[in-house]
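**Student:** Could you have a look at this structure, given as structure tokens, before my questions?
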Amino acid sequence: MLFTGVDPGSNTVSSEAAIVIMILAVVLFAFIFWILERRSINYIKELSKGIERIADGDLNTKIEIRGDDEFSQMAESINHMQEDLKELLRLEREAEQQKTDLITNIAHDLRTPLTSIIGYLELLSGKGYSILKDDQRKKYIAIAYTKSKRLEKLIGDLFDFTKLTYGKITMKVGYVDVVKLLEQLLEESYPAFKDKGLKYEFHSNVNSCEITADGGLLARLFDNLIGNAIKYGADGKKVIVKVNEDAKAGTVEIQVINFGFVIEDKDLPYIFDKFYRADKARNTETGGTGLGLAIAKNITQMHGGTITAESGLKGTVFTVRLKKSFEKENENLRRA
């Protein structure tokens with residue numbers, strides 16, 4: 001007689017095997033979890049040490065980005081923070097150096113004419129006065145007066161540059177005819193042209209070009225550019241001023257061209273920086289305050305325009321581009 005059924009002993013073996021498998025699975029899971037957690041803990045420690053090094057001033061610290069999870073995102077954020085701090089420190093050092101250079105340049109440019117003024121006044125005072133002839137006295141007085149005017153201009157430029165740069169000036173926006181403004185400035189500059197043996201030409205594609213702008217500031221802008229052209233363009237015999245209105249684009253382009261001193265390529269990117277002057281411009285005959293072009297740039301930017309320069313054998317060209325319709329809120333833009 002045959003008997004079929006389940007062996008009770010086999011159930012016990014199967015249960016024990018299942019328990020062992022479950023225990024092994026739990027142990028394996030715990031082991032894998034421990035490995036993963038250990039990696040995370042080590043990575044967290046690495047992130048913490050990186051932050052400590054950055055806090056201690058080591059801005060060259062870089063944290064390796066591993067995987068694509070919250071910790072890797074945190075590492076990427078820390079690296080970005082390190083780069084930002086490094087850039088801020090660089091800008092702070094640059095600003096500090098600019099302050100130092102500013103003080104040095106101001107001291108130099110104030111001292112030079114002041115020393116001359118004191119020297120000539122000493123010659124004209126006391127015992128020296130009776131020794132000098134009339135023509136010598138007149139000559140020394142004229143020199144002292146010229147140096148005094150230069151000192152006055154430098155101080156004026158310093159005040160203007162400070163007000164323009166730090167927004168201490170209120171713009172009075174109205175309608176300005178650029179063509180008439182330039183014609184008037186050129187006429188007023190005639191004595192300076194004559195003194196340098198220069199002629200000027202004025203060309204415009206329109207008889208009148210009204211834009212919204214601060215007339216006083218715009219006059220200062222173009223007066224600086226014309227004065228710069230006279231100062232450095234004496235060898236070229238003439239200065240050309242051009243106006244080109246683009247009615248479709250709603251813009252006007254003004255160019256001031258001289259054919260004298262050629263600005264080298266290495267100097268062009270810096271000529272609008274305060275106190276920057278090419279070496280040739282630092283002689284006593286043509287050396288200016290080093291602020292004229294910086295002021296011109298600030299005024300242009302206040303009007304939402306652009307100013308550029310190029311120089312070569314065909315002349316040195318300063319180009320100002322302005323919008324015909326100027327929105328007054330632009331006056332609150334940060335000046336460079």
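Going through the structure tokens in order, the chains are called A, B, and so on, while each chain numbers its residues from 1 and the ligands are numbered from 1 in the order shown.
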Got a sec to tell me which of stretch 49-197 of chain A DSSP assigns to strand (DSSP E), as a PDB file with N, CA, C and O atoms, in the first residue's frame?
**Tutor:**
```pdb
ATOM      1  N   VAL A 173      17.381 117.143 -17.096  1.00  0.00           N
ATOM      2  CA  VAL A 173      17.133 116.658 -18.454  1.00  0.00           C
ATOM      3  C   VAL A 173      16.134 117.542 -19.186  1.00  0.00           C
ATOM      4  O   VAL A 173      15.080 117.893 -18.654  1.00  0.00           O
ATOM      5  N   GLY A 174      16.489 117.922 -20.406  1.00  0.00           N
ATOM      6  CA  GLY A 174      15.607 118.712 -21.255  1.00  0.00           C
ATOM      7  C   GLY A 174      15.967 118.473 -22.708  1.00  0.00           C
ATOM      8  O   GLY A 174      16.712 117.535 -23.026  1.00  0.00           O
ATOM      9  N   TYR A 175      15.464 119.311 -23.613  1.00  0.00           N
ATOM     10  CA  TYR A 175      15.775 119.169 -25.028  1.00  0.00           C
ATOM     11  C   TYR A 175      17.071 119.915 -25.358  1.00  0.00           C
ATOM     12  O   TYR A 175      17.222 121.079 -25.001  1.00  0.00           O
ATOM     13  N   VAL A 176      17.984 119.214 -26.011  1.00  0.00           N
ATOM     14  CA  VAL A 176      19.281 119.792 -26.387  1.00  0.00           C
ATOM     15  C   VAL A 176      19.508 119.554 -27.877  1.00  0.00           C
ATOM     16  O   VAL A 176      19.393 118.419 -28.349  1.00  0.00           O
ATOM     17  N   ASP A 177      19.843 120.605 -28.600  1.00  0.00           N
ATOM     18  CA  ASP A 177      20.187 120.477 -30.015  1.00  0.00           C
ATOM     19  C   ASP A 177      21.691 120.223 -30.105  1.00  0.00           C
ATOM     20  O   ASP A 177      22.504 121.119 -29.873  1.00  0.00           O
TER      21      ASP A 177
END
```
**Student:** For A:Leu182, which residue among A:Gln255, A:Lys248, A:Gln136, A:Phe159 is the nearest when counting only C-alpha atoms?
**Tutor:**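 Distance minimum relative to A:Leu182 lands on A:Gln255.
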**Student:** Need the shell around A:Ser208: protein/DNA/RNA residues with any atom at most 8 Å away, counting only C-alpha atoms. Skip same-chain ones fewer than 5 positions apart. Format as an MDAnalysis selection string?
**Tutor:** chainID A and resid 177:180
**Student:** As a PDB file with N, CA, C and O atoms, in the first residue's frame, please: the residues near stretch 81-98 of chain A (cut-off 8 Å, only C-alpha atoms, same-chain neighbours under 5 positions excluded).
**Tutor:**
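See selection_15.pdb below for the written result:
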```pdb
ATOM      1  N   ILE A  54      38.363  77.230   4.123  1.00  0.00           N
ATOM      2  CA  ILE A  54      37.936  78.483   3.490  1.00  0.00           C
ATOM      3  C   ILE A  54      37.754  79.575   4.540  1.00  0.00           C
ATOM      4  O   ILE A  54      38.166  80.722   4.347  1.00  0.00           O
ATOM      5  N   LEU A  59      41.611  80.317   0.249  1.00  0.00           N
ATOM      6  CA  LEU A  59      40.617  80.436  -0.824  1.00  0.00           C
ATOM      7  C   LEU A  59      40.984  79.646  -2.066  1.00  0.00           C
ATOM      8  O   LEU A  59      40.349  79.804  -3.118  1.00  0.00           O
ATOM      9  N   ASN A  60      42.004  78.809  -1.967  1.00  0.00           N
ATOM     10  CA  ASN A  60      42.345  77.900  -3.070  1.00  0.00           C
ATOM     11  C   ASN A  60      41.770  76.511  -2.832  1.00  0.00           C
ATOM     12  O   ASN A  60      42.028  75.579  -3.596  1.00  0.00           O
ATOM     13  N   THR A  61      40.996  76.364  -1.764  1.00  0.00           N
ATOM     14  CA  THR A  61      40.388  75.078  -1.421  1.00  0.00           C
ATOM     15  C   THR A  61      39.336  74.687  -2.453  1.00  0.00           C
ATOM     16  O   THR A  61      38.464  75.477  -2.788  1.00  0.00           O
ATOM     17  N   LYS A  62      39.451  73.460  -2.938  1.00  0.00           N
ATOM     18  CA  LYS A  62      38.470  72.911  -3.884  1.00  0.00           C
ATOM     19  C   LYS A  62      38.004  71.561  -3.358  1.00  0.00           C
ATOM     20  O   LYS A  62      38.809  70.721  -2.962  1.00  0.00           O
TER      21      LYS A  62
END
```
**Student:** When you draw a straight line from atom CA of A:Ala234 to atom CA of A:Val262, how long is it in Å?
**Tutor:** 11.7 Å
**Student:** Please compute the atom CA of A:Leu322-atom CA of A:Gly305 distance, one decimal, in Å.
**Tutor:** 4.6 Å
**Student:** Between A:Glu253, A:Glu70, A:Asp56, A:Asp160, which has the minimum distance to A:Asn298 (counting only C-alpha atoms)?
**Tutor:**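 Once distances to A:Asn298 are computed over only C-alpha atoms, the minimum belongs to A:Asp160.
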**Student:** Which one of A:Ser72, A:Asn224, A:Thr316, A:Thr162 sits closest to A:Gly236 if you count only C-alpha atoms?
**Tutor:**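 So, comparing all the options, the nearest one is A:Thr316.
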**Student:** Expressed in Å to a single decimal, how great is the separation between atom CA of A:Tyr200 and atom CA of A:Lys274?
**Tutor:**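 Value for the atom CA of A:Tyr200-atom CA of A:Lys274 distance: 27.6 Å.
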**Student:** Excluding A:Lys297 and any residue of its chain fewer than 6 positions from it, enumerate the residues within 10 Å of it, using only C-alpha atoms, and give them as a CSV table (one decimal) with all heavy atoms, in the first residue's frame.
**Tutor:**
```
chain,number,residue,atom,x,y,z
A,221,LEU,N,31.0,117.1,-21.6
A,221,LEU,CA,31.5,115.9,-22.3
A,221,LEU,C,32.2,116.3,-23.6
A,221,LEU,O,33.4,115.9,-23.8
A,221,LEU,CB,30.3,115.0,-22.6
A,221,LEU,CG,30.4,114.0,-23.7
A,221,LEU,CD1,31.5,113.0,-23.4
A,221,LEU,CD2,29.1,113.3,-24.0
A,272,PHE,N,40.2,105.7,-20.8
A,272,PHE,CA,39.1,106.3,-20.1
A,272,PHE,C,39.2,106.1,-18.6
A,272,PHE,O,38.3,106.4,-17.9
A,272,PHE,CB,37.8,105.7,-20.7
A,272,PHE,CG,37.5,106.1,-22.1
A,272,PHE,CD1,37.6,105.1,-23.1
A,272,PHE,CD2,37.1,107.4,-22.4
A,272,PHE,CE1,37.4,105.5,-24.4
A,272,PHE,CE2,36.8,107.7,-23.7
A,272,PHE,CZ,37.0,106.8,-24.7
A,273,ASP,N,40.3,105.4,-18.2
A,273,ASP,CA,40.5,105.2,-16.7
A,273,ASP,C,41.0,106.5,-16.1
A,273,ASP,O,41.8,107.2,-16.7
A,273,ASP,CB,41.5,104.1,-16.5
A,273,ASP,CG,41.0,102.7,-16.9
A,273,ASP,OD1,39.8,102.6,-17.2
A,273,ASP,OD2,41.8,101.8,-16.9
A,291,LEU,N,41.9,113.3,-16.0
A,291,LEU,CA,40.5,113.0,-15.6
A,291,LEU,C,39.5,113.3,-16.7
A,291,LEU,O,38.3,113.0,-16.6
A,291,LEU,CB,40.1,113.8,-14.3
A,291,LEU,CG,40.8,113.3,-13.1
A,291,LEU,CD1,40.5,114.3,-11.9
A,291,LEU,CD2,40.3,111.9,-12.7
A,305,GLY,N,24.5,106.1,-23.0
A,305,GLY,CA,25.2,106.0,-24.3
A,305,GLY,C,26.5,105.3,-24.2
A,305,GLY,O,26.8,104.7,-23.1
A,306,THR,N,27.3,105.3,-25.2
A,306,THR,CA,28.6,104.6,-25.2
A,306,THR,C,29.7,105.5,-25.8
A,306,THR,O,29.3,106.4,-26.6
A,306,THR,CB,28.6,103.3,-26.1
A,306,THR,OG1,28.3,103.6,-27.5
A,306,THR,CG2,27.6,102.3,-25.6
A,307,ILE,N,30.9,105.4,-25.4
A,307,ILE,CA,32.0,106.1,-25.9
A,307,ILE,C,33.2,105.2,-26.2
A,307,ILE,O,33.5,104.3,-25.4
A,307,ILE,CB,32.4,107.3,-25.0
A,307,ILE,CG1,33.6,108.1,-25.6
A,307,ILE,CG2,32.8,106.7,-23.6
A,307,ILE,CD1,33.9,109.4,-24.8
A,308,THR,N,33.7,105.3,-27.4
A,308,THR,CA,34.8,104.4,-27.8
A,308,THR,C,36.0,105.3,-28.4
A,308,THR,O,35.7,106.4,-28.8
A,308,THR,CB,34.4,103.4,-28.8
A,308,THR,OG1,33.8,104.0,-30.0
A,308,THR,CG2,33.4,102.4,-28.2
A,320,VAL,N,31.0,109.0,-29.8
A,320,VAL,CA,30.0,109.0,-28.7
A,320,VAL,C,28.7,108.7,-29.4
A,320,VAL,O,28.3,109.3,-30.4
A,320,VAL,CB,29.9,110.4,-28.0
A,320,VAL,CG1,28.7,110.3,-27.0
A,320,VAL,CG2,31.2,110.7,-27.3
A,335,ARG,N,27.8,104.3,-12.0
A,335,ARG,CA,28.8,104.9,-12.9
A,335,ARG,C,30.1,104.1,-12.7
A,335,ARG,O,30.5,103.8,-11.6
A,335,ARG,CB,29.1,106.3,-12.6
A,335,ARG,CG,28.1,107.3,-13.1
A,335,ARG,CD,26.8,107.2,-12.5
A,335,ARG,NE,26.0,108.5,-12.5
A,335,ARG,CZ,24.9,108.6,-11.9
A,335,ARG,NH1,24.3,107.7,-11.3
A,335,ARG,NH2,24.3,109.8,-11.9
A,336,ALA,N,30.7,103.8,-13.9
A,336,ALA,CA,32.0,103.0,-13.8
A,336,ALA,C,33.1,103.9,-13.4
A,336,ALA,O,33.1,105.1,-13.7
A,336,ALA,CB,32.2,102.4,-15.1
```
